[in-house]
file coords32.txt (compact mmCIF, C-alpha atoms)
# COMPACT_ATOMS: atom_id res chain seq x y z
CA ASP D 1 0.00 0.00 0.00
CA ASP D 2 2.81 2.40 0.86
CA ALA D 3 4.45 1.63 -2.47
CA ASP D 4 1.19 2.32 -4.29
CA ASP D 5 0.77 5.61 -2.45
CA LYS D 6 4.29 6.68 -3.38
CA GLU D 7 3.69 5.77 -7.01
CA ARG D 8 0.46 7.78 -7.07
CA GLU D 9 2.29 10.70 -5.47
CA ALA D 10 5.04 10.53 -8.09
CA LEU D 11 2.49 10.44 -10.93
CA LEU D 12 0.62 13.39 -9.44
CA LEU D 13 3.85 15.37 -9.06
CA ARG D 14 4.86 14.54 -12.62
CA SER D 15 1.50 15.69 -13.96
CA LYS D 16 1.90 18.99 -12.14
CA THR D 17 5.42 19.63 -13.40
CA SER D 18 5.08 18.37 -17.00
CA PRO D 19 5.11 21.20 -19.54
CA ARG D 20 1.71 22.15 -20.89
CA PHE D 21 0.47 24.10 -23.90
CA HIS D 22 -0.85 27.59 -23.04
CA TYR D 23 -2.94 28.70 -25.99
CA ASP D 24 -3.32 32.37 -25.05
CA ASP D 25 0.40 32.71 -24.42
CA TRP D 26 1.13 31.03 -27.75
CA ARG D 27 -1.09 33.52 -29.60
CA ARG D 28 0.57 36.41 -27.79
CA TRP D 29 4.03 35.01 -28.54
CA LEU D 30 3.11 34.49 -32.21
CA ALA D 31 1.86 38.06 -32.54
CA THR D 32 4.55 39.93 -30.63
CA ARG D 33 7.68 37.81 -30.09
CA TYR D 34 7.79 35.24 -32.89
CA ARG D 35 10.72 36.96 -34.62
CA GLN D 36 12.68 37.25 -31.39
CA PRO D 37 14.99 34.44 -30.20
CA LEU D 38 13.78 32.50 -27.19
CA ASP D 39 15.84 33.45 -24.15
CA PRO D 40 16.51 30.18 -22.26
CA HIS D 41 16.92 32.19 -19.05
CA LYS D 42 13.34 33.48 -19.34
CA ILE D 43 11.73 30.28 -20.47
CA GLU D 44 9.03 30.59 -17.81
CA ASP D 45 7.36 33.16 -20.12
CA PHE D 46 7.16 30.73 -23.04
CA TRP D 47 3.88 29.14 -24.13
CA TRP D 48 5.16 25.59 -23.45
CA ARG D 49 6.12 25.51 -19.79
CA SER D 50 5.55 24.00 -16.37
CA ASP D 51 6.07 25.22 -12.84
CA ASP D 52 9.47 23.52 -12.67
CA LYS D 53 12.48 25.30 -14.20
CA ILE D 54 14.43 22.02 -14.45
CA VAL D 55 11.60 20.40 -16.42
CA ASP D 56 11.41 23.46 -18.67
CA ASP D 57 15.09 23.20 -19.47
CA ALA D 58 14.76 19.48 -20.18
CA TRP D 59 12.23 19.80 -23.02
CA LEU D 60 14.60 22.05 -24.99
CA ALA D 61 16.64 18.95 -25.82
CA ASP D 62 13.63 16.65 -26.27
CA LEU D 63 12.99 16.12 -29.98
CA PHE D 64 9.48 14.84 -29.21
CA ALA D 65 8.36 17.86 -27.16
CA VAL D 66 5.62 19.93 -28.84
CA PRO D 67 7.82 23.00 -29.61
CA ASN D 68 10.31 20.67 -31.33
CA TRP D 69 7.75 18.89 -33.51
CA SER D 70 8.87 21.07 -36.42
CA LEU D 71 12.35 19.51 -36.13
CA LEU D 72 10.85 16.05 -35.71
CA SER D 73 8.81 16.48 -38.89
CA HIS D 74 11.85 17.90 -40.65
CA TYR D 75 14.02 14.83 -40.05
CA VAL D 76 11.27 12.45 -41.13
CA ASN D 77 10.85 14.39 -44.37
CA ILE D 78 14.58 14.72 -44.95
CA GLY D 79 14.84 10.94 -44.84
CA ILE D 80 11.91 10.54 -47.23
CA SER D 81 13.29 13.19 -49.60
CA LEU D 82 16.72 11.56 -49.70
CA MET D 83 15.37 8.19 -50.82
CA MET D 84 11.91 8.49 -52.34
CA GLY D 85 12.82 10.12 -55.66
CA ALA D 86 16.28 8.68 -56.27
CA THR D 87 15.33 5.35 -57.83
CA PRO D 88 12.26 6.55 -59.81
CA VAL D 89 14.14 9.50 -61.33
CA THR D 90 17.11 7.33 -62.35
CA TYR D 91 14.72 4.74 -63.80
CA TYR D 92 12.83 7.50 -65.64
CA LEU D 93 16.04 8.89 -67.14
CA VAL D 94 17.20 5.48 -68.39
CA GLU D 95 13.96 3.77 -69.42
CA THR D 96 11.79 6.70 -70.55
CA LEU D 97 14.19 9.36 -71.76
CA ARG D 98 16.87 6.86 -72.88
CA ALA D 99 19.45 9.11 -71.28
CA SER D 100 23.13 8.38 -71.76
CA PRO D 101 25.37 7.17 -68.91
CA ALA D 102 26.94 10.65 -68.87
CA THR D 103 23.53 12.22 -68.19
CA VAL D 104 22.80 9.79 -65.37
CA ASN D 105 26.23 10.46 -63.91
CA THR D 106 25.57 14.21 -64.15
CA TYR D 107 22.30 13.73 -62.28
CA ALA D 108 24.12 11.88 -59.49
CA ALA D 109 26.79 14.60 -59.31
CA LEU D 110 24.30 17.48 -59.24
CA THR D 111 22.23 15.92 -56.47
CA TYR D 112 25.39 15.29 -54.45
CA LEU D 113 26.87 18.77 -54.94
CA PRO D 114 24.62 20.54 -52.36
CA TRP D 115 26.07 18.27 -49.67
CA CYS D 116 29.44 19.91 -50.35
CA LEU D 117 27.91 23.36 -49.82
CA LYS D 118 26.58 22.73 -46.30
CA PHE D 119 29.54 24.48 -44.69
CA PHE D 120 28.81 27.66 -46.65
CA TYR D 121 25.12 27.42 -45.79
CA GLY D 122 26.18 27.33 -42.15
CA LEU D 123 28.32 30.45 -42.59
CA GLN D 124 25.41 32.25 -44.20
CA THR D 125 22.89 31.42 -41.48
CA ASP D 126 25.31 32.19 -38.66
CA LEU D 127 26.52 35.54 -39.96
CA VAL D 128 23.73 37.01 -42.11
CA PRO D 129 20.21 37.23 -40.64
CA LEU D 130 17.32 37.03 -43.08
CA LEU D 131 14.17 39.00 -42.17
CA GLY D 132 15.68 39.65 -38.77
CA VAL D 133 16.29 36.01 -37.78
CA HIS D 134 19.14 33.58 -38.35
CA ARG D 135 17.40 30.21 -38.43
CA ARG D 136 13.68 30.05 -39.20
CA SER D 137 13.81 32.32 -42.25
CA TYR D 138 16.47 30.15 -43.93
CA TYR D 139 14.62 27.02 -42.84
CA LEU D 140 11.46 28.30 -44.53
CA LEU D 141 13.39 29.41 -47.62
CA GLY D 142 15.01 25.99 -48.01
CA TRP D 143 11.73 24.10 -47.85
CA LEU D 144 10.00 26.62 -50.15
CA ILE D 145 12.71 26.05 -52.78
CA TYR D 146 12.16 22.30 -52.38
CA VAL D 147 8.37 22.62 -52.81
CA ILE D 148 8.63 24.97 -55.81
CA CYS D 149 11.07 22.69 -57.66
CA ASN D 150 8.91 19.63 -57.00
CA LEU D 151 5.75 21.44 -58.11
CA TRP D 152 7.52 22.61 -61.25
CA LEU D 153 8.53 19.05 -62.12
CA ALA D 154 5.02 17.79 -61.33
CA ILE D 155 3.41 20.40 -63.58
CA LEU D 156 5.76 19.52 -66.44
CA GLY D 157 4.39 15.98 -66.29
CA THR D 158 7.08 14.37 -68.43
CA PRO D 159 10.10 16.62 -67.91
CA ASP D 160 13.10 16.35 -70.17
CA SER D 161 16.59 15.58 -68.89
CA THR D 162 17.55 19.25 -68.58
CA ALA D 163 14.59 19.99 -66.31
CA ILE D 164 15.29 16.87 -64.26
CA LEU D 165 18.94 17.83 -63.75
CA LEU D 166 18.41 21.49 -62.90
CA LEU D 167 15.32 21.14 -60.72
CA SER D 168 16.66 18.08 -58.92
CA PHE D 169 19.72 20.14 -58.04
CA GLY D 170 17.39 22.92 -56.92
CA TYR D 171 15.25 20.87 -54.58
CA THR D 172 18.29 19.07 -53.15
CA ALA D 173 19.94 22.43 -52.44
CA GLY D 174 16.70 23.57 -50.82
CA PHE D 175 16.30 20.76 -48.34
CA MET D 176 20.05 20.81 -47.61
CA LEU D 177 19.72 24.46 -46.56
CA ALA D 178 16.83 23.53 -44.27
CA ASP D 179 18.84 20.60 -42.92
CA VAL D 180 21.79 22.84 -42.01
CA VAL D 181 19.43 25.06 -40.02
CA ALA D 182 17.86 22.06 -38.28
CA ASP D 183 21.29 20.69 -37.32
CA ALA D 184 22.25 24.10 -35.91
CA LEU D 185 19.04 24.25 -33.87
CA ILE D 186 19.68 20.75 -32.53
CA LEU D 187 23.18 21.76 -31.45
CA GLU D 188 21.98 24.95 -29.76
CA CYS D 189 19.18 23.16 -27.93
CA SER D 190 21.61 20.46 -26.80
CA GLN D 191 23.99 23.03 -25.36
CA VAL D 192 21.22 24.46 -23.19
CA GLY D 193 19.05 21.45 -22.39
CA GLU D 194 21.47 18.50 -22.09
CA ASP D 195 23.77 17.76 -19.19
CA ALA D 196 27.22 16.20 -19.51
CA ASN D 197 25.84 12.65 -19.23
CA ASN D 198 23.36 13.11 -22.09
CA LYS D 199 25.37 15.13 -24.60
CA GLY D 200 24.41 14.26 -28.16
CA ARG D 201 21.17 12.46 -27.30
CA MET D 202 18.94 14.88 -29.20
CA ARG D 203 21.11 14.65 -32.32
CA THR D 204 21.11 10.86 -32.05
CA HIS D 205 17.31 10.83 -31.85
CA ALA D 206 17.16 13.13 -34.88
CA TYR D 207 19.33 10.80 -36.96
CA TYR D 208 17.31 7.78 -35.86
CA VAL D 209 14.18 9.56 -37.05
CA ARG D 210 15.89 10.43 -40.33
CA ALA D 211 16.85 6.76 -40.79
CA VAL D 212 13.20 5.78 -40.34
CA GLY D 213 12.25 8.40 -42.94
CA MET D 214 14.87 7.02 -45.34
CA ALA D 215 13.44 3.52 -44.96
CA LEU D 216 9.93 4.81 -45.60
CA GLY D 217 11.10 6.86 -48.58
CA ALA D 218 12.98 3.96 -50.16
CA LEU D 219 9.96 1.66 -49.78
CA ALA D 220 7.59 4.30 -51.12
CA GLY D 221 9.82 5.09 -54.10
CA SER D 222 10.16 1.44 -55.09
CA CYS D 223 6.51 0.47 -54.48
CA LEU D 224 4.69 3.54 -55.79
CA PHE D 225 6.79 3.69 -58.94
CA ASN D 226 6.72 0.09 -60.07
CA GLY D 227 6.12 1.24 -63.54
CA PRO D 228 4.84 0.55 -67.01
CA THR D 229 7.88 -1.35 -68.37
CA CYS D 230 7.28 -4.19 -65.96
CA ALA D 231 3.56 -4.15 -66.67
CA ASP D 232 4.13 -4.40 -70.43
CA SER D 233 6.26 -7.50 -69.96
CA GLY D 234 3.49 -9.26 -68.06
CA CYS D 235 4.96 -9.25 -64.54
CA TRP D 236 3.28 -7.90 -61.44
CA ALA D 237 3.30 -4.11 -61.45
CA TRP D 238 1.37 -1.09 -60.35
CA GLY D 239 2.41 2.42 -59.67
CA LEU D 240 2.15 6.13 -60.16
CA GLU D 241 3.57 8.38 -62.81
CA LEU D 242 6.75 10.26 -61.97
CA ALA D 243 4.80 13.51 -61.77
CA SER D 244 2.62 12.00 -59.02
CA LEU D 245 5.68 11.36 -56.88
CA PHE D 246 6.69 15.01 -57.20
CA TRP D 247 3.16 16.00 -56.16
CA ILE D 248 3.45 13.73 -53.13
CA GLN D 249 6.83 15.16 -52.12
CA SER D 250 5.44 18.70 -52.32
CA ALA D 251 2.28 17.82 -50.40
CA LEU D 252 4.20 16.17 -47.57
CA ILE D 253 6.09 19.41 -46.87
CA LEU D 254 3.02 21.60 -47.23
CA VAL D 255 1.05 19.45 -44.80
CA THR D 256 3.62 18.28 -42.23
CA VAL D 257 6.49 20.81 -42.15
CA LEU D 258 5.31 24.32 -43.00
CA PRO D 259 2.31 24.44 -40.60
CA LEU D 260 4.60 23.58 -37.67
CA LEU D 261 6.62 26.73 -38.33
CA LEU D 262 3.96 28.45 -36.23
CA THR D 263 5.35 26.70 -33.15
CA MET D 264 9.02 26.79 -34.14
CA TYR D 265 11.44 28.83 -32.05
CA GLU D 266 15.14 29.59 -32.20
CA LEU D 267 17.70 30.39 -29.53
CA PRO D 268 19.99 33.43 -29.54
CA ILE D 269 23.06 33.26 -31.76
CA ARG D 270 26.30 33.39 -29.80
CA THR D 271 27.89 36.83 -30.07
CA THR D 272 31.38 35.55 -29.28
CA GLY D 273 33.16 32.67 -30.93
CA VAL D 274 31.29 30.84 -33.65
CA ALA D 275 28.97 33.61 -34.81
CA GLY D 276 31.02 36.68 -33.89
CA ASP D 277 32.51 37.44 -37.32
CA ILE D 278 33.88 35.64 -40.35
CA ARG D 279 37.52 35.86 -39.20
CA THR D 280 36.76 34.38 -35.77
CA LEU D 281 34.70 31.64 -37.36
CA TRP D 282 37.49 30.62 -39.74
CA GLU D 283 40.02 30.65 -36.88
CA GLU D 284 37.86 28.39 -34.73
CA THR D 285 37.21 26.10 -37.69
CA PHE D 286 40.95 25.77 -38.31
CA GLU D 287 41.61 25.10 -34.62
CA PHE D 288 39.02 22.33 -34.76
CA LEU D 289 40.38 20.79 -37.96
CA ARG D 290 44.00 20.73 -36.83
CA HIS D 291 43.32 18.02 -34.24
CA ASP D 292 44.55 14.59 -35.34
CA GLY D 293 41.22 13.04 -34.42
CA VAL D 294 39.51 15.33 -36.95
CA TRP D 295 41.74 15.89 -39.98
CA ILE D 296 42.95 12.28 -40.36
CA PRO D 297 39.42 10.76 -40.73
CA LEU D 298 38.44 13.69 -42.95
CA MET D 299 41.40 13.12 -45.27
CA PHE D 300 40.50 9.45 -45.50
CA LEU D 301 36.93 10.37 -46.46
CA PHE D 302 38.17 12.95 -48.95
CA PHE D 303 40.48 10.55 -50.79
CA TYR D 304 37.92 7.75 -50.64
CA ASN D 305 35.29 9.91 -52.31
CA PHE D 306 37.87 11.37 -54.70
CA CYS D 307 38.78 7.90 -55.94
CA PHE D 308 35.28 6.43 -55.80
CA ILE D 309 33.73 7.75 -59.00
CA ALA D 310 30.72 5.72 -59.99
CA ASN D 311 30.28 4.83 -63.65
CA PRO D 312 26.56 4.31 -64.46
CA ALA D 313 27.50 2.47 -67.65
CA TRP D 314 28.69 -0.45 -65.53
CA ASN D 315 25.18 -0.90 -64.21
call {"tool": "encode", "arguments": {"input": "coords32.txt", "output": "structure tokens"}}
result
Amino acid sequence: DDADDKEREALLLRSKTSPRFHYDDWRRWLATRYRQPLDPHKIEDFWWRSDDKIVDDAWLADLFAVPNWSLLSHYVNIGISLMMGATPVTYYLVETLRASPATVNTYAALTYLPWCLKFFYGLQTDLVPLLGVHRRSYYLLGWLIYVICNLWLAILGTPDSTAILLLSFGYTAGFMLADVVADALILECSQVGEDANNKGRMRTHAYYVRAVGMALGALAGSCLFNGPTCADSGCWAWGLELASLFWIQSALILVTVLPLLLTMYELPIRTTGVAGDIRTLWEETFEFLRHDGVWIPLMFLFFYNFCFIANPAWN
């Protein structure tokens, strides 16, 4: 009986201290302070809060807390975007457009290039605010570019290879920009909300969620686009047109990512160190890279990717 009483007491205490959604405060925050960074030292004024300062700090690094649902949705959609269109587009280039191996290789290179630009995206978001904020404006811009490129391809219906190459590069660059912002937000939240024993947990959860999205995207891309060539040969097949997949990719962002911007927050940019100025940033980057535990693995990866040049003709 004593154990049951203690358990009930603990549950009651937890229910009192768990953060709750305050609708009126959210509306006030949206109208007056949405474009201002959230001060972690004044978090008791935020619309998602409890009566316990420790609990309030904890949700900052909880990917599944309501204010972080925008990031949660982001990583699911990043995973889907990475995998869903890759196989159908390559198949479309080869089987429908009869594209040459050089064209397919160009497609692979153009969709990989934005990954190499992530460092410069980070510089831009750290040093140059857009519409008065460093994170959410670039996050919105990245996903808008992604949606516009996908809608453009969907409207074309049967795009030629030039449209595929250019717009695929465009939407990849778009979601890479949004991904840089999301990674920065994860890092900033971790610095405030995680103790020494839990460092990196929020980022780990984010990458787990992205892996789930990649699995879903790969399955969706292979199942939904099981196309007409197979059907003509008499084997089992069903599927959507390529344009339908671009419509789906656009709709997923419009429905699951952009609405959650209304609850998305960002923390203040550091005024010393990383985001002070371009010279300080480059100095700190060099100091980081000069450690043996950093530059040696990076050089291995560089030379591996330099030597590993895929030839689509072999496939």
call {"tool": "residues_around", "arguments": {"input": "coords32.txt", "residues": "Gly217 of chain D", "least_positions_apart": "6", "cutoff": "12 Å", "atoms": "all atoms listed in the file", "output": "list in words"}}
result
Val76, Asn77, Ile78, Gly79, Ile80, Ser81, Leu82, Met83, Met84, Gly85, Ala86, Thr87, Pro88, Arg210, Ala211, Cys223, Leu224, Phe225, Leu245, Ile248, Gln249 and Leu252 of chain D
call {"tool": "write_last_selection", "arguments": {"input": "coords32.txt", "atoms": "C-alpha atoms", "output": "PDB file, in the frame of the given file"}}
result
ATOM      1  CA  VAL D  76      11.270  12.450 -41.130  1.00  0.00           C
ATOM      2  CA  ASN D  77      10.850  14.390 -44.370  1.00  0.00           C
ATOM      3  CA  ILE D  78      14.580  14.720 -44.950  1.00  0.00           C
ATOM      4  CA  GLY D  79      14.840  10.940 -44.840  1.00  0.00           C
ATOM      5  CA  ILE D  80      11.910  10.540 -47.230  1.00  0.00           C
ATOM      6  CA  SER D  81      13.290  13.190 -49.600  1.00  0.00           C
ATOM      7  CA  LEU D  82      16.720  11.560 -49.700  1.00  0.00           C
ATOM      8  CA  MET D  83      15.370   8.190 -50.820  1.00  0.00           C
ATOM      9  CA  MET D  84      11.910   8.490 -52.340  1.00  0.00           C
ATOM     10  CA  GLY D  85      12.820  10.120 -55.660  1.00  0.00           C
ATOM     11  CA  ALA D  86      16.280   8.680 -56.270  1.00  0.00           C
ATOM     12  CA  THR D  87      15.330   5.350 -57.830  1.00  0.00           C
ATOM     13  CA  PRO D  88      12.260   6.550 -59.810  1.00  0.00           C
ATOM     14  CA  ARG D 210      15.890  10.430 -40.330  1.00  0.00           C
ATOM     15  CA  ALA D 211      16.850   6.760 -40.790  1.00  0.00           C
ATOM     16  CA  CYS D 223       6.510   0.470 -54.480  1.00  0.00           C
ATOM     17  CA  LEU D 224       4.690   3.540 -55.790  1.00  0.00           C
ATOM     18  CA  PHE D 225       6.790   3.690 -58.940  1.00  0.00           C
ATOM     19  CA  LEU D 245       5.680  11.360 -56.880  1.00  0.00           C
ATOM     20  CA  ILE D 248       3.450  13.730 -53.130  1.00  0.00           C
ATOM     21  CA  GLN D 249       6.830  15.160 -52.120  1.00  0.00           C
ATOM     22  CA  LEU D 252       4.200  16.170 -47.570  1.00  0.00           C
TER      23      LEU D 252
END
call {"tool": "closest_residue", "arguments": {"input": "coords32.txt", "among": "D:Leu141, D:Leu113, D:Leu63, D:Leu260", "to": "Ala178 of chain D", "atoms": "all atoms listed in the file"}}
result
D:Leu141
call {"tool": "residues_around", "arguments": {"input": "coords32.txt", "residues": "Leu60 of chain D", "least_positions_apart": "4", "cutoff": "9 Å", "atoms": "only C-alpha atoms", "output": "number ranges by chain"}}
result
D: 40, 56, 65, 67-68, 189-190, 192-194
call {"tool": "atom_distance", "arguments": {"input": "coords32.txt", "atom1": "atom CA of Ala182 of chain D", "atom2": "atom CA of Leu71 of chain D"}}
result
6.4 Å
call {"tool": "axis_aligned_box", "arguments": {"input": "coords32.txt", "around": "segment 207-223 of chain D", "padding_each_side": "3 Å", "output": "AutoDock Vina command-line options"}}
result
--center_x 12.9 --center_y 5.6 --center_z -45.5 --size_x 18.8 --size_y 16.3 --size_z 25.2
call {"tool": "residues_near_point", "arguments": {"input": "coords32.txt", "point": "(12.6, 26.1, -32.5)", "cutoff": "12 Å", "atoms": "all atoms listed in the file", "output": "PyMOL selection string"}}
result
chain D and resi 34-40+46+48+59-63+65-72+74+133-137+139+181-189+260-268
call {"tool": "closest_residue", "arguments": {"input": "coords32.txt", "among": "D:Tyr112, D:Tyr171, D:Trp143, D:Phe246", "to": "Thr158 of chain D", "atoms": "all atoms listed in the file"}}
result
D:Phe246
call {"tool": "residues_around", "arguments": {"input": "coords32.txt", "residues": "Phe21 of chain D", "least_positions_apart": "2", "cutoff": "8 Å", "atoms": "all atoms listed in the file", "output": "list in words"}}
result
Pro19, Tyr23, Trp26, Trp47, Trp48 and Arg49 of chain D
call {"tool": "residues_around", "arguments": {"input": "coords32.txt", "residues": "Leu93 of chain D", "least_positions_apart": "2", "cutoff": "9 Å", "atoms": "only C-alpha atoms", "output": "PDB file with C-alpha atoms, keeping the file's coordinate frame"}}
result
ATOM      1  CA  PRO D  88      12.260   6.550 -59.810  1.00  0.00           C
ATOM      2  CA  VAL D  89      14.140   9.500 -61.330  1.00  0.00           C
ATOM      3  CA  THR D  90      17.110   7.330 -62.350  1.00  0.00           C
ATOM      4  CA  TYR D  91      14.720   4.740 -63.800  1.00  0.00           C
ATOM      5  CA  GLU D  95      13.960   3.770 -69.420  1.00  0.00           C
ATOM      6  CA  THR D  96      11.790   6.700 -70.550  1.00  0.00           C
ATOM      7  CA  LEU D  97      14.190   9.360 -71.760  1.00  0.00           C
ATOM      8  CA  ARG D  98      16.870   6.860 -72.880  1.00  0.00           C
ATOM      9  CA  ALA D  99      19.450   9.110 -71.280  1.00  0.00           C
ATOM     10  CA  SER D 100      23.130   8.380 -71.760  1.00  0.00           C
ATOM     11  CA  THR D 103      23.530  12.220 -68.190  1.00  0.00           C
ATOM     12  CA  VAL D 104      22.800   9.790 -65.370  1.00  0.00           C
ATOM     13  CA  ASP D 160      13.100  16.350 -70.170  1.00  0.00           C
ATOM     14  CA  SER D 161      16.590  15.580 -68.890  1.00  0.00           C
ATOM     15  CA  ILE D 164      15.290  16.870 -64.260  1.00  0.00           C
TER      16      ILE D 164
END
call {"tool": "closest_residue", "arguments": {"input": "coords32.txt", "among": "D:Phe169, D:Trp282, D:Tyr75, D:Tyr208", "to": "Ala108 of chain D", "atoms": "all atoms listed in the file"}}
result
D:Phe169
